[in-house]
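Colleague: Let me begin by handing over the structure; questions about it come next.
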Amino acid sequence: MEPKTKRFKAGSAAALADERIQANLAGLYSGFHSARISAASATSGWEELRERGRRIKAHVIENLDYYLDLLARNVEKAGGRVFFARDADEASNYVIGVAKSRNIDLVIKSKSMLSEEMGLNDRLESEGIEPVETDLGEYIVQLAGDTPFHIIAPAIHKSRGEVSDLFAQKLGSPAYDDIEDLTREARRQLRGKFMTAGMGVTGANFLVAETGTVTLVTNEGNGRMCTSMPKVHVAIAGMEKVVPSIEDLALFLRLLIRSATGQMVSSYVTAVTGPRKQDEEDGPEEFHLVIVDNGRSRILADPDLRESLYCLRCGACLNACPVYRKVGGHAYGWVYPGPIGAVVSPMLTGLSDGKDLPYASTLCGACKEACPVKIDIPRMLLYLRKELTEGDEKASSNLGERIAMKGWKAAASTDKTMRAANLLARLGAPIASKMPGPMSGWTDHREAPRAARPFRSRWQELKDQ
Amino acid sequence: MSDREAFLQSIRGALGRQDSGLTSDAPTSAGPPDQLEERARRASEIASRDADNLFDVLSNVAAGAGWNVAHVPDARAAGEYVLKLAQDLEARSAVYSLHPVVQAAIGEADFDTAGITTIPVALDRDDPDSDEDADRARLRSIMEAADLGVTGVDYAIAETGTCVIIPRRGVSRLVSLLPPVHVAIVERGQALPSLDELFTLRRDDFIRGDFGSYMNLITGPSRTADIEYTIVTGVHGPGEVHMVLVG
């Protein structure tokens with residue numbers, strides 16, 4: 001997918017001015033966000049589960065080479081094939097190669113954010129292979145020539161009227177007022193594809209190293225179709241998706257699903273280990289797992305950003321984020337929106353293209369609080385801002401801001417200037433509600449924060465008590 | 001160096017690691033690997049010892065998850081339940097998997113008199129002339145046209161109201177997916193307290209070399225909320241699901 005991460009400001013202004021998008025976004029909070037909170041409080045020991053999930057993810061990422069090797073060997077033992085792709089092109093080429101080797105011209109797909117990253121649909125189409133998205137939201141997005149708006153609700157920005165018009169225009173179906181009728185129409189259209197497609201392409205929510213198992217979490221049943229009906233199943237997965245043991249799935253399914261939709265478990269959880277076995281009634285003859293880097297090793301190489309690879313892609317931080325809830329998914333300009341997108345998109349597409357994204361946050365901390373594996377997103381956003389101001393010429397933001405930040409650093413490093421600033425803080429004054437000069441761009445759209453009361457004065461008070 | 005080795009090497013480089021061993025033991029989410037057998041034994045024990053309680057919890061949670069739940073005394077009553085349902089649906093054909101409890105239930109009820117065809121989904125492996133691909137395609141069309149799919153389960157999960165089906169010979173992946181209505185027959189002793197016990201037992205299966213290529217956890221009907229957050233059931237899989245607890 002072509003990054004449009006440079007256009008965050010324009011994109012967010014457009015979303016803010018769009019009443020329908022604003023109305024649809026409001027539903028995220030009352031829907032997914034509240035459901036997540038209820039599900040978490042209904043799960044005994046939720047905080048401990050998060051802690052444990054985080055520890056396991058940290059362990060896997062620190063030993064990623066070991067677990068990927070183990071995973072690959074176990075997929076092969078189960079009769080599957082494994083391909084390691086350094087980038088999006090290598091991954092797409094592999095999928096195309098498999099399709100061509102079997103003369104496949106129709107590919108059914110279950111939702112995969114990675115395939116958006118790869119631009120797989122465009123690549124397949126240019127080779128004369130028809131890709132069909134089968135998740136209802138993704139199907140709508142594909143028919144509209146649009147991009148996903150939310151990690152788990154890709155078409156949530158569209159109203160039923162828009163979907164009805166789209167179906168009428170693209171599928172020749174009658175106008176429907178009822179969402180149930182629209183869903184039935186999609187079912188009818190897609191059943192035919194399921195019955196005839198030669199290949200199913202899916203993502204993966206978890207890859208179990210010990211057993212070589214690909215795990216999919218779905219509600220519609222399209223994931224089950226894609227892994228059962230065609231003769232070939234290709235699963236594509238980011239290299240960070242590994243968990244050590246199948247026993248870890250109990251924990252991670254709870255964390256993922258309860259954080260994503262607030263369900264205790266999704267309608268379907270599907271575990272695939274290689275192609276169908278000799279004695280089994282159905283399932284694919286061929287199974288391929290494509291493990292993709294595509295910029296992830298850049299994140300891995302930076303200890304300050306490494307924890308962004310713990311992400312389960314549940315979308316909870318999007319729903320919790322006051323910025324995402326106003327500007328929506330398209331403003332972020334690439335596959336991964338919201339707080340986690342503001343960290344990983346600049347790293348995967350290049351910092352210079354995504355330089356507005358780390359600033360698309362109030363640093364309120366709601367994302368970290370919502371994250372099922374406690375990823376410290378605010379810390380990483382601050383880190384990226386620092387990188388942008390201190391980084392090399394190419395990656396840096398505008399010169400004025402860099403100088404202003406450097407000046408602040410210089411002030412903060414001399415005790416006398418710092419005390420003067422602290423004095424202002426003690427008086428409870430904002431540093432400056434609108435900053436002049438080099439910082440004006442920054443404060444045009446934000447209130448400058450009140451400085452926190454300094455530690456030194458709070459400590460004095462405590463001692464006095 | 002192979003592509004794979006180069007890939008793994010670049011990860012090692014990014015991590016600043018020299019060798020390929022584990023830096024520490026994996027933090028366990030269930031318990032130590034060497035106590036797996038003991039954990040698995042305990043899980044099976046709980047399933048039989050607490051069978052009544054687990055059935056009670058399961059039926060409550062499953063109803064909340066969108067299943068129509070019925071509790072019947074035996075396979076014969078399960079067969080009657082399925083027959084009555086098929087008649088209410090004005091079904092003309094039902095497909096079923098070869099779980100023994102399903103065969104017993106279907107065998108006990110008089111579908112023929114009701115004019116309902118029942119078809120087991122299993123390849124004919126005895127006929128050396130049969131074309132497996134053609135046979136598979138034929139069964140698939142039958143399932144696609146059926147009004148009802150009846151299966152047993154391998155486990156049920158009380159925590160989440162889930163049925164677990166592990167496909168194998170006589171147990172197709174598709175009986176519970178293609179028809180618009182699915183009936184899952186759960187036997188006493190098959191209910192586990194939580195997902196933890198399920199995955200412990202599956203890990204034990206794996207170690208014993210009895211894993212299969214597939215497993216489905218099914219919890220309520222197929223559903224979506226992709227348009228305006230409105231929940232619609234039956235988007236690709238069954239829109240109506242029944243859980244029949246036996247015994």
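Labels used: A, B, ... for chains in the order of the structure tokens, numbers from 1 for residues in each chain, and numbers from 1 for ligands as shown.
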May I have the residues of chain B within 7 Å of chain A, counting only C-alpha atoms, written as a PyMOL selection string?
Modeller: chain B and resi 4+7-8+11-12+14-15+20-23+26-27+29-30+122-123+160+167-173+195-196+199-200+203+212-224+226-228+232+235-237
Colleague: Which residues come within 12 Å of Glu117 (chain A), counting only C-alpha atoms, excluding same-chain residues fewer than 6 positions away, as number ranges by chain?
Modeller: A: 1-3, 87-89, 91-92, 123, 147-148, 203, 236-238, 292-296, 333-336, 344-345, 348-349
Colleague: Output N, CA and C atoms for every residue in the selection just made, as a CSV table (one decimal), in the first residue's frame.
Modeller:
chain,number,residue,atom,x,y,z
A,1,MET,N,0.8,-1.2,0.0
A,1,MET,CA,0.0,0.0,0.0
A,1,MET,C,0.9,1.2,0.0
A,2,GLU,N,0.5,2.2,-0.9
A,2,GLU,CA,1.3,3.4,-1.0
A,2,GLU,C,1.2,4.3,0.2
A,3,PRO,N,2.2,4.6,0.9
A,3,PRO,CA,2.1,5.4,2.1
A,3,PRO,C,1.6,6.8,1.8
A,87,ASP,N,11.0,-8.7,2.1
A,87,ASP,CA,10.1,-7.5,2.0
A,87,ASP,C,8.8,-7.9,1.3
A,88,ALA,N,8.0,-6.8,1.1
A,88,ALA,CA,6.7,-7.0,0.5
A,88,ALA,C,6.7,-7.7,-0.9
A,89,ASP,N,7.7,-7.3,-1.7
A,89,ASP,CA,7.8,-7.8,-3.0
A,89,ASP,C,8.1,-9.3,-3.1
A,91,ALA,N,7.5,-11.4,-0.8
A,91,ALA,CA,6.3,-12.1,-0.3
A,91,ALA,C,5.2,-12.2,-1.4
A,92,SER,N,4.9,-11.1,-2.1
A,92,SER,CA,3.9,-11.2,-3.1
A,92,SER,C,4.4,-12.1,-4.3
A,123,ARG,N,-1.0,-6.6,-6.9
A,123,ARG,CA,0.0,-7.4,-7.5
A,123,ARG,C,-0.6,-8.6,-8.2
A,147,THR,N,-9.6,2.0,1.3
A,147,THR,CA,-8.6,1.3,2.2
A,147,THR,C,-9.3,1.1,3.6
A,148,PRO,N,-8.8,0.1,4.4
A,148,PRO,CA,-9.5,-0.1,5.7
A,148,PRO,C,-9.4,1.1,6.6
A,203,GLY,N,-4.2,-14.3,6.8
A,203,GLY,CA,-3.2,-13.8,7.7
A,203,GLY,C,-3.0,-14.8,8.8
A,236,ILE,N,0.0,-15.8,5.3
A,236,ILE,CA,1.1,-14.8,5.4
A,236,ILE,C,1.1,-14.2,6.8
A,237,ALA,N,2.3,-14.0,7.3
A,237,ALA,CA,2.4,-13.5,8.7
A,237,ALA,C,3.6,-12.7,8.9
A,238,GLY,N,3.5,-11.6,9.6
A,238,GLY,CA,4.6,-10.8,10.1
A,238,GLY,C,5.4,-11.7,11.0
A,292,VAL,N,7.1,-12.8,7.0
A,292,VAL,CA,7.5,-11.5,6.3
A,292,VAL,C,8.2,-10.6,7.3
A,293,ASP,N,9.3,-10.0,6.8
A,293,ASP,CA,10.1,-9.0,7.6
A,293,ASP,C,9.5,-7.6,7.2
A,294,ASN,N,9.8,-7.1,6.0
A,294,ASN,CA,9.2,-5.9,5.5
A,294,ASN,C,9.4,-4.7,6.5
A,295,GLY,N,10.6,-4.5,7.0
A,295,GLY,CA,10.9,-3.4,7.8
A,295,GLY,C,10.8,-3.7,9.3
A,296,ARG,N,10.3,-4.9,9.7
A,296,ARG,CA,10.2,-5.2,11.1
A,296,ARG,C,11.6,-5.3,11.8
A,333,GLY,N,-2.9,7.5,7.0
A,333,GLY,CA,-2.3,7.4,5.7
A,333,GLY,C,-1.6,6.1,5.4
A,334,TRP,N,-1.7,5.1,6.3
A,334,TRP,CA,-1.1,3.8,5.9
A,334,TRP,C,-1.9,2.7,6.6
A,335,VAL,N,-1.4,1.5,6.5
A,335,VAL,CA,-2.2,0.3,7.0
A,335,VAL,C,-2.6,0.4,8.4
A,336,TYR,N,-1.6,0.8,9.3
A,336,TYR,CA,-1.8,0.7,10.7
A,336,TYR,C,-2.1,2.1,11.3
A,344,VAL,N,4.5,2.4,14.5
A,344,VAL,CA,5.1,1.4,13.5
A,344,VAL,C,5.1,1.9,12.1
A,345,SER,N,4.1,2.7,11.7
A,345,SER,CA,4.0,3.2,10.3
A,345,SER,C,5.3,4.0,9.9
A,348,LEU,N,8.0,1.5,9.5
A,348,LEU,CA,8.0,0.5,8.4
A,348,LEU,C,8.0,1.3,7.0
A,349,THR,N,7.5,2.5,7.0
A,349,THR,CA,7.5,3.2,5.7
A,349,THR,C,8.7,4.2,5.5
Colleague: Looking only at strand (DSSP E) from DSSP on the backbone, list the matching residues of region 5-226 of chain A as a PyMOL selection string.
Modeller: chain A and resi 81-85+106-109+130-133+199-202+206-208+213-218
Colleague: I want to know what sits within 12 Å of Gly115 (chain B), based on only C-alpha atoms, with residues of the same chain fewer than 2 positions away left out; could you give that as a list in words?
Modeller: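 Here the qualifying residues turn out to be Leu83, Ala86, Gln87, Glu90, Ala91, Arg92, Ser93, Ala94, Asp110, Phe111, Asp112, Thr113, Thr117 and Thr118 of chain B.
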Colleague: Please dump the current selection as a compact mmCIF listing (two decimals), in the first residue's frame; keep C-alpha atoms.
Modeller:
# COMPACT_ATOMS: atom_id res chain seq x y z
CA LEU B 83 -35.78 -34.56 13.83
CA ALA B 86 -35.53 -30.46 10.90
CA GLN B 87 -39.32 -30.63 10.61
CA GLU B 90 -39.03 -27.78 6.73
CA ALA B 91 -35.67 -29.32 5.96
CA ARG B 92 -35.34 -31.73 3.08
CA SER B 93 -31.82 -32.94 3.77
CA ALA B 94 -29.41 -33.11 6.66
CA ASP B 110 -37.34 -41.74 11.85
CA PHE B 111 -36.19 -39.21 9.29
CA ASP B 112 -37.37 -41.35 6.35
CA THR B 113 -41.04 -41.15 7.27
CA THR B 117 -32.78 -37.42 3.63
CA THR B 118 -29.81 -37.88 5.97
Colleague: Contacts of Phe8 (chain A) at 9 Å or less, counting only C-alpha atoms, minus same-chain residues fewer than 2 places along, as a PDB file with N, CA and C atoms, in the first residue's frame?
Modeller:
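The resulting file, around_6.pdb, is reproduced below:
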ATOM      1  N   LYS A   4       0.601   7.311   2.549  1.00  0.00           N
ATOM      2  CA  LYS A   4       0.181   8.710   2.421  1.00  0.00           C
ATOM      3  C   LYS A   4       0.346   9.366   3.783  1.00  0.00           C
ATOM      4  N   THR A   5       1.359   8.864   4.499  1.00  0.00           N
ATOM      5  CA  THR A   5       1.548   9.303   5.878  1.00  0.00           C
ATOM      6  C   THR A   5       1.977  10.762   5.975  1.00  0.00           C
ATOM      7  N   LYS A   6       2.424  11.324   4.854  1.00  0.00           N
ATOM      8  CA  LYS A   6       2.819  12.735   4.863  1.00  0.00           C
ATOM      9  C   LYS A   6       1.617  13.648   5.001  1.00  0.00           C
ATOM     10  N   ALA A  10      -3.768  17.172   6.481  1.00  0.00           N
ATOM     11  CA  ALA A  10      -4.862  17.333   5.512  1.00  0.00           C
ATOM     12  C   ALA A  10      -5.922  16.255   5.738  1.00  0.00           C
ATOM     13  N   GLY A  11      -5.457  15.025   5.940  1.00  0.00           N
ATOM     14  CA  GLY A  11      -6.376  13.902   6.129  1.00  0.00           C
ATOM     15  C   GLY A  11      -7.229  14.080   7.373  1.00  0.00           C
ATOM     16  N   SER A  12      -6.602  14.556   8.449  1.00  0.00           N
ATOM     17  CA  SER A  12      -7.377  14.695   9.678  1.00  0.00           C
ATOM     18  C   SER A  12      -8.351  15.862   9.566  1.00  0.00           C
ATOM     19  N   ALA A  13      -7.955  16.927   8.874  1.00  0.00           N
ATOM     20  CA  ALA A  13      -8.876  18.059   8.693  1.00  0.00           C
ATOM     21  C   ALA A  13     -10.114  17.611   7.920  1.00  0.00           C
ATOM     22  N   HIS A 330      -8.215   6.815   8.196  1.00  0.00           N
ATOM     23  CA  HIS A 330      -7.605   7.186   6.921  1.00  0.00           C
ATOM     24  C   HIS A 330      -6.573   8.302   7.048  1.00  0.00           C
ATOM     25  N   ALA A 331      -6.760   9.163   8.056  1.00  0.00           N
ATOM     26  CA  ALA A 331      -5.845  10.296   8.219  1.00  0.00           C
ATOM     27  C   ALA A 331      -4.407   9.833   8.418  1.00  0.00           C
ATOM     28  N   TYR A 332      -4.239   8.657   9.040  1.00  0.00           N
ATOM     29  CA  TYR A 332      -2.892   8.173   9.337  1.00  0.00           C
ATOM     30  C   TYR A 332      -2.145   7.752   8.069  1.00  0.00           C
ATOM     31  N   GLY A 333      -2.892   7.540   6.996  1.00  0.00           N
ATOM     32  CA  GLY A 333      -2.279   7.409   5.682  1.00  0.00           C
ATOM     33  C   GLY A 333      -1.632   6.081   5.351  1.00  0.00           C
ATOM     34  N   GLY A 354       6.687   9.679   7.600  1.00  0.00           N
ATOM     35  CA  GLY A 354       5.687   9.595   8.661  1.00  0.00           C
ATOM     36  C   GLY A 354       5.938  10.566   9.796  1.00  0.00           C
ATOM     37  N   ASP A 356       4.756  13.344  10.800  1.00  0.00           N
ATOM     38  CA  ASP A 356       3.658  13.950  11.558  1.00  0.00           C
ATOM     39  C   ASP A 356       3.039  12.972  12.556  1.00  0.00           C
ATOM     40  N   LEU A 357       3.182  11.678  12.258  1.00  0.00           N
ATOM     41  CA  LEU A 357       2.423  10.696  13.038  1.00  0.00           C
ATOM     42  C   LEU A 357       2.787  10.658  14.523  1.00  0.00           C
ATOM     43  N   ALA A 360       0.743  12.938  16.402  1.00  0.00           N
ATOM     44  CA  ALA A 360      -0.715  12.782  16.374  1.00  0.00           C
ATOM     45  C   ALA A 360      -1.192  12.123  17.658  1.00  0.00           C
TER      46      ALA A 360
END
Colleague: Got a sec to tell me which of region 21-192 of chain B DSSP assigns to alpha helix (DSSP H), as a PyMOL selection string?
Modeller: chain B and resi 36-49+51-64+75-88+100-108+132-145
Colleague: Work out how far apart CA of Ala75 (chain B) and CA of Ala109 (chain B) are and give it in Å to one decimal.
Modeller: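 Distance reported for this atom pair: 9.7 Å.
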Colleague: Excluding same-chain residues fewer than 4 positions from Leu178 (chain B), what lies within 7 Å of it counting only C-alpha atoms, as a ChimeraX atom specification?
Modeller: /B:143-144,174,237
Colleague: Take the residues from that selection and write them out as a short mmCIF file (atom, residue, chain, number, x, y, z; two decimals), in the first residue's frame, keeping C-alpha atoms.
Modeller:
data_model
loop_
_atom_site.label_atom_id
_atom_site.label_comp_id
_atom_site.auth_asym_id
_atom_site.auth_seq_id
_atom_site.Cartn_x
_atom_site.Cartn_y
_atom_site.Cartn_z
CA MET B 143 -23.32 -30.13 2.13
CA GLU B 144 -23.84 -26.84 0.30
CA LEU B 174 -17.46 -28.41 6.53
CA GLY B 237 -21.30 -19.81 8.27
#
Colleague: List the spatial neighbours of Leu54 (chain B) as a PyMOL selection string - criterion: any atom at most 7 Å away, only C-alpha atoms, same-chain residues fewer than 5 positions off excluded.
Modeller: chain B and resi 158+191-193
